[in-house]
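Undergrad: First the structure, then my questions, so here it is.
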Amino acid sequence: SEIATLSNISSVRVKLLCNQIITKITENSIDFAKIRRLTDDTEFSSSDVKAILSALDYILTNAVRNDVGDTTLSNELQQLGLPKESANAIKRAYVKNNKILKKALTKNILSLPSVKTSKENIEWNVDYVLSSSILKNVNESLVRLKLKIKDDINIDINNQNQNNNNNETIDVNMTSSQLDSFLHELKAVQTMINEIEKK
């Protein structure tokens, strides 16, 4: 049904909406006002517009992840019922932005929510634990962290503001030795990410 809805808009609008989805994927932001301007003079409902955006997001994301050839992408979309002009508009956006899309999606593979790094969003303290209900003698430092996280942006074409849940937090407790191991692993992962980004 998403393809059928997508088939009812011009290839020029398909191209412009693709640009918005590409910005969402690569920069985690989207211009809701521009999307409304592109769809205001149509008979599409709010759910129709969301379906179009979701379809374009799905097409571009999965084409990049599966390294689909541009000609194959266009042919497959036409077989699904998309007009040739619209299929080619998506193909051109895919080819032009393939590298930056691949880079953005690589960063998101198995990624955890992003932590807000400003001082007011990170709380920490260090306790020295003498004993507990499990062990009589512990005698070890315990690091406690409370981190506020950033949620992914949700598409809401009725609201120009990006929808983020600013109240979600993660509580982390670890011993000093666990903290050392954790920091070591984080550095190793960062090195791997840097190597991937260079390719």
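Going through the structure tokens in order, the chains are called A, B, and so on, while each chain numbers its residues from 1 and the ligands are numbered from 1 in the order shown.
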Skipping near chain neighbours, those fewer than 4 positions away, what residues fall within 10 Å of stretch 52-61 of chain A using only C-alpha atoms, listed as a VMD selection string?
TA: chain A and resid 1 to 7 9 14 17 to 22 24 to 25 35 44 47 to 48 65 to 68 73 77 90 to 91 93 to 94 97 to 98 101 to 102 105 155 157
Undergrad: Could those residues be written to a file, using N, CA, C and O atoms, as a short mmCIF file (atom, residue, chain, number, x, y, z; two decimals), in the first residue's frame?
TA:
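Generated output (part13.cif):
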```cif
data_model
loop_
_atom_site.label_atom_id
_atom_site.label_comp_id
_atom_site.auth_asym_id
_atom_site.auth_seq_id
_atom_site.Cartn_x
_atom_site.Cartn_y
_atom_site.Cartn_z
N SER A 1 0.83 -1.21 0.00
CA SER A 1 0.00 0.00 0.00
C SER A 1 0.87 1.26 0.00
O SER A 1 0.48 2.29 -0.54
N GLU A 2 2.06 1.17 0.66
CA GLU A 2 2.97 2.32 0.68
C GLU A 2 3.44 2.67 -0.73
O GLU A 2 3.52 3.85 -1.10
N ILE A 3 3.74 1.63 -1.53
CA ILE A 3 4.19 1.86 -2.91
C ILE A 3 3.06 2.49 -3.72
O ILE A 3 3.30 3.39 -4.54
N ALA A 4 1.84 2.03 -3.49
CA ALA A 4 0.70 2.60 -4.21
C ALA A 4 0.53 4.08 -3.89
O ALA A 4 0.27 4.90 -4.78
N THR A 5 0.71 4.43 -2.61
CA THR A 5 0.62 5.84 -2.20
C THR A 5 1.76 6.63 -2.80
O THR A 5 1.58 7.75 -3.30
N LEU A 6 2.96 6.07 -2.77
CA LEU A 6 4.15 6.72 -3.31
C LEU A 6 4.02 6.96 -4.81
O LEU A 6 4.55 7.93 -5.35
N SER A 7 3.29 6.08 -5.47
CA SER A 7 3.10 6.19 -6.93
C SER A 7 2.27 7.40 -7.33
O SER A 7 2.27 7.81 -8.49
N ILE A 9 2.56 10.52 -6.28
CA ILE A 9 3.21 11.83 -6.24
C ILE A 9 4.25 11.91 -7.35
O ILE A 9 4.75 10.90 -7.84
N VAL A 14 9.22 13.07 -5.10
CA VAL A 14 9.89 11.87 -4.58
C VAL A 14 11.35 12.18 -4.31
O VAL A 14 11.90 11.83 -3.26
N LEU A 17 11.63 14.43 -1.19
CA LEU A 17 11.36 13.67 0.03
C LEU A 17 12.50 12.70 0.34
O LEU A 17 12.83 12.48 1.51
N CYS A 18 13.12 12.16 -0.70
CA CYS A 18 14.31 11.32 -0.51
C CYS A 18 15.41 12.12 0.19
O CYS A 18 16.09 11.61 1.08
N ASN A 19 15.56 13.36 -0.22
CA ASN A 19 16.58 14.21 0.39
C ASN A 19 16.32 14.38 1.89
O ASN A 19 17.25 14.42 2.70
N GLN A 20 15.05 14.50 2.26
CA GLN A 20 14.71 14.64 3.68
C GLN A 20 15.03 13.37 4.46
O GLN A 20 15.53 13.42 5.58
N ILE A 21 14.74 12.23 3.85
CA ILE A 21 15.04 10.95 4.51
C ILE A 21 16.55 10.75 4.64
O ILE A 21 17.04 10.27 5.67
N ILE A 22 17.29 11.15 3.63
CA ILE A 22 18.75 11.04 3.68
C ILE A 22 19.31 11.92 4.79
O ILE A 22 20.21 11.52 5.52
N LYS A 24 17.68 12.74 7.48
CA LYS A 24 17.30 12.07 8.73
C LYS A 24 18.30 10.97 9.08
O LYS A 24 18.73 10.84 10.23
N ILE A 25 18.68 10.17 8.08
CA ILE A 25 19.59 9.05 8.33
C ILE A 25 20.99 9.53 8.67
O ILE A 25 21.64 9.01 9.58
N ILE A 35 8.46 19.18 4.51
CA ILE A 35 7.64 18.01 4.16
C ILE A 35 6.18 18.42 4.03
O ILE A 35 5.48 18.00 3.10
N PHE A 44 -3.44 13.71 0.45
CA PHE A 44 -2.94 12.70 1.38
C PHE A 44 -3.27 13.05 2.82
O PHE A 44 -3.18 14.20 3.24
N SER A 47 -1.50 9.96 7.80
CA SER A 47 -1.00 8.57 7.76
C SER A 47 -0.42 8.22 6.40
O SER A 47 0.54 7.45 6.30
N ASP A 48 -0.98 8.82 5.33
CA ASP A 48 -0.44 8.59 3.98
C ASP A 48 0.98 9.14 3.87
O ASP A 48 1.87 8.49 3.31
N ARG A 65 22.25 -1.22 2.93
CA ARG A 65 22.71 -2.34 3.76
C ARG A 65 23.01 -3.60 2.93
O ARG A 65 23.91 -4.37 3.26
N ASN A 66 22.24 -3.79 1.87
CA ASN A 66 22.42 -4.99 1.05
C ASN A 66 23.24 -4.72 -0.21
O ASN A 66 23.37 -5.60 -1.06
N ASP A 67 23.77 -3.48 -0.30
CA ASP A 67 24.64 -3.10 -1.42
C ASP A 67 23.98 -3.42 -2.77
O ASP A 67 24.59 -4.02 -3.67
N VAL A 68 22.74 -3.00 -2.91
CA VAL A 68 21.98 -3.25 -4.13
C VAL A 68 22.49 -2.36 -5.27
O VAL A 68 22.76 -1.17 -5.06
N LEU A 73 17.95 -1.75 -8.25
CA LEU A 73 17.02 -1.02 -7.38
C LEU A 73 15.88 -0.42 -8.20
O LEU A 73 14.71 -0.58 -7.85
N LEU A 77 11.88 -1.61 -8.03
CA LEU A 77 10.82 -0.66 -7.65
C LEU A 77 9.75 -0.58 -8.72
O LEU A 77 8.56 -0.49 -8.41
N ILE A 90 14.56 7.90 -7.07
CA ILE A 90 15.10 7.23 -5.89
C ILE A 90 16.49 6.67 -6.19
O ILE A 90 17.41 6.78 -5.38
N LYS A 91 16.64 6.10 -7.38
CA LYS A 91 17.94 5.54 -7.78
C LYS A 91 19.02 6.62 -7.79
O LYS A 91 20.12 6.40 -7.29
N ALA A 93 19.09 9.47 -6.12
CA ALA A 93 19.38 9.88 -4.73
C ALA A 93 20.24 8.82 -4.05
O ALA A 93 21.16 9.15 -3.29
N TYR A 94 19.96 7.56 -4.32
CA TYR A 94 20.71 6.44 -3.75
C TYR A 94 22.16 6.46 -4.21
O TYR A 94 23.09 6.34 -3.40
N ASN A 97 24.19 9.60 -2.84
CA ASN A 97 24.43 9.65 -1.39
C ASN A 97 24.85 8.31 -0.79
O ASN A 97 24.87 8.15 0.43
N ASN A 98 25.20 7.36 -1.63
CA ASN A 98 25.50 6.01 -1.16
C ASN A 98 26.59 5.97 -0.09
O ASN A 98 26.45 5.30 0.93
N LEU A 101 25.46 7.52 3.27
CA LEU A 101 24.44 6.67 3.88
C LEU A 101 25.09 5.43 4.49
O LEU A 101 24.76 5.03 5.61
N LYS A 102 26.02 4.84 3.76
CA LYS A 102 26.70 3.65 4.26
C LYS A 102 27.48 3.97 5.53
O LYS A 102 27.48 3.20 6.49
N LEU A 105 24.94 4.47 8.43
CA LEU A 105 24.33 3.21 8.86
C LEU A 105 25.34 2.31 9.55
O LEU A 105 24.99 1.57 10.47
N ILE A 155 9.50 10.39 13.41
CA ILE A 155 8.89 11.21 12.37
C ILE A 155 7.46 11.55 12.78
O ILE A 155 6.64 10.66 13.01
N ILE A 157 4.86 14.27 11.19
CA ILE A 157 4.66 15.36 10.23
C ILE A 157 3.67 16.40 10.73
O ILE A 157 3.53 17.46 10.15
#
```
Undergrad: Quick one: pull the distance between atom CA of A:Ala33 and atom CA of A:Asn8, Å, one decimal.
TA: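 Going from atom CA of A:Ala33 over to atom CA of A:Asn8, I get 20.7 Å.
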Undergrad: Counting only C-alpha atoms, figure out which residue out of A:Ser177, A:Thr42, A:Val12, A:Thr106 gets nearest to A:Met192.
TA: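 Of the candidates, the smallest distance to A:Met192 is held by A:Thr106.
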Undergrad: Please list as a ChimeraX atom specification every residue within 10 Å of A:Val126, counting only C-alpha atoms and excluding residues in the same chain fewer than 5 positions away.
TA: /A:141-145,173-176
Undergrad: Just the selected residues (all heavy atoms), exported as a short mmCIF file (atom, residue, chain, number, x, y, z; two decimals), in the first residue's frame, please.
TA:
```cif
data_model
loop_
_atom_site.label_atom_id
_atom_site.label_comp_id
_atom_site.auth_asym_id
_atom_site.auth_seq_id
_atom_site.Cartn_x
_atom_site.Cartn_y
_atom_site.Cartn_z
N SER A 141 35.83 -0.32 46.03
CA SER A 141 35.17 0.90 45.55
C SER A 141 34.09 0.53 44.53
O SER A 141 34.26 -0.39 43.73
CB SER A 141 36.19 1.82 44.87
OG SER A 141 37.18 2.21 45.79
N LEU A 142 32.98 1.26 44.59
CA LEU A 142 31.88 1.03 43.64
C LEU A 142 31.55 2.36 42.97
O LEU A 142 31.25 3.35 43.63
CB LEU A 142 30.65 0.50 44.38
CG LEU A 142 29.44 0.15 43.51
CD1 LEU A 142 29.77 -1.06 42.63
CD2 LEU A 142 28.21 -0.14 44.37
N VAL A 143 31.63 2.37 41.65
CA VAL A 143 31.34 3.56 40.86
C VAL A 143 29.88 3.53 40.42
O VAL A 143 29.41 2.52 39.88
CB VAL A 143 32.25 3.64 39.61
CG1 VAL A 143 31.94 4.89 38.79
CG2 VAL A 143 33.71 3.60 40.02
N ARG A 144 29.17 4.61 40.69
CA ARG A 144 27.76 4.71 40.30
C ARG A 144 27.60 5.84 39.30
O ARG A 144 27.98 6.98 39.56
CB ARG A 144 26.88 4.97 41.52
CG ARG A 144 26.97 3.92 42.62
CD ARG A 144 26.06 4.28 43.78
NE ARG A 144 26.24 3.41 44.93
CZ ARG A 144 25.64 2.23 45.07
NH1 ARG A 144 24.83 1.80 44.14
NH2 ARG A 144 25.86 1.50 46.16
N LEU A 145 27.01 5.51 38.14
CA LEU A 145 26.76 6.50 37.08
C LEU A 145 25.28 6.56 36.77
O LEU A 145 24.61 5.53 36.72
CB LEU A 145 27.52 6.14 35.81
CG LEU A 145 29.04 6.08 35.85
CD1 LEU A 145 29.58 5.54 34.54
CD2 LEU A 145 29.63 7.45 36.14
N ASN A 173 26.28 0.62 37.65
CA ASN A 173 27.09 0.39 38.85
C ASN A 173 28.20 -0.59 38.50
O ASN A 173 27.94 -1.65 37.93
CB ASN A 173 26.25 -0.20 39.99
CG ASN A 173 25.15 0.75 40.44
OD1 ASN A 173 25.36 1.96 40.53
ND2 ASN A 173 23.98 0.21 40.73
N MET A 174 29.43 -0.27 38.83
CA MET A 174 30.54 -1.17 38.57
C MET A 174 31.68 -0.94 39.55
O MET A 174 31.83 0.16 40.10
CB MET A 174 31.03 -1.03 37.12
CG MET A 174 31.58 0.34 36.75
SD MET A 174 32.05 0.43 35.01
CE MET A 174 30.44 0.66 34.24
N THR A 175 32.46 -1.98 39.75
CA THR A 175 33.62 -1.87 40.61
C THR A 175 34.73 -1.13 39.87
O THR A 175 34.66 -0.94 38.65
CB THR A 175 34.13 -3.25 41.04
OG1 THR A 175 34.57 -3.95 39.87
CG2 THR A 175 33.03 -4.05 41.73
N SER A 176 35.76 -0.74 40.59
CA SER A 176 36.87 -0.03 39.94
C SER A 176 37.55 -0.89 38.90
O SER A 176 37.94 -0.40 37.83
CB SER A 176 37.88 0.43 41.00
OG SER A 176 38.35 -0.67 41.75
#
```
Undergrad: To one decimal place, how far is atom CA of A:Glu185 from atom CA of A:Tyr128 in Å?
TA: 24.2 Å
Undergrad: Point out the residue among A:Lys15, A:Leu82, A:Val49, A:Val95 with the least atom-to-atom distance to A:Ala63, counting only C-alpha atoms.
TA: A:Val95
Undergrad: Take atom CA of A:Thr23 and atom CA of A:Ile100 and report the distance between them in Å, one decimal.
TA: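 Those two atoms sit 10.1 Å apart.
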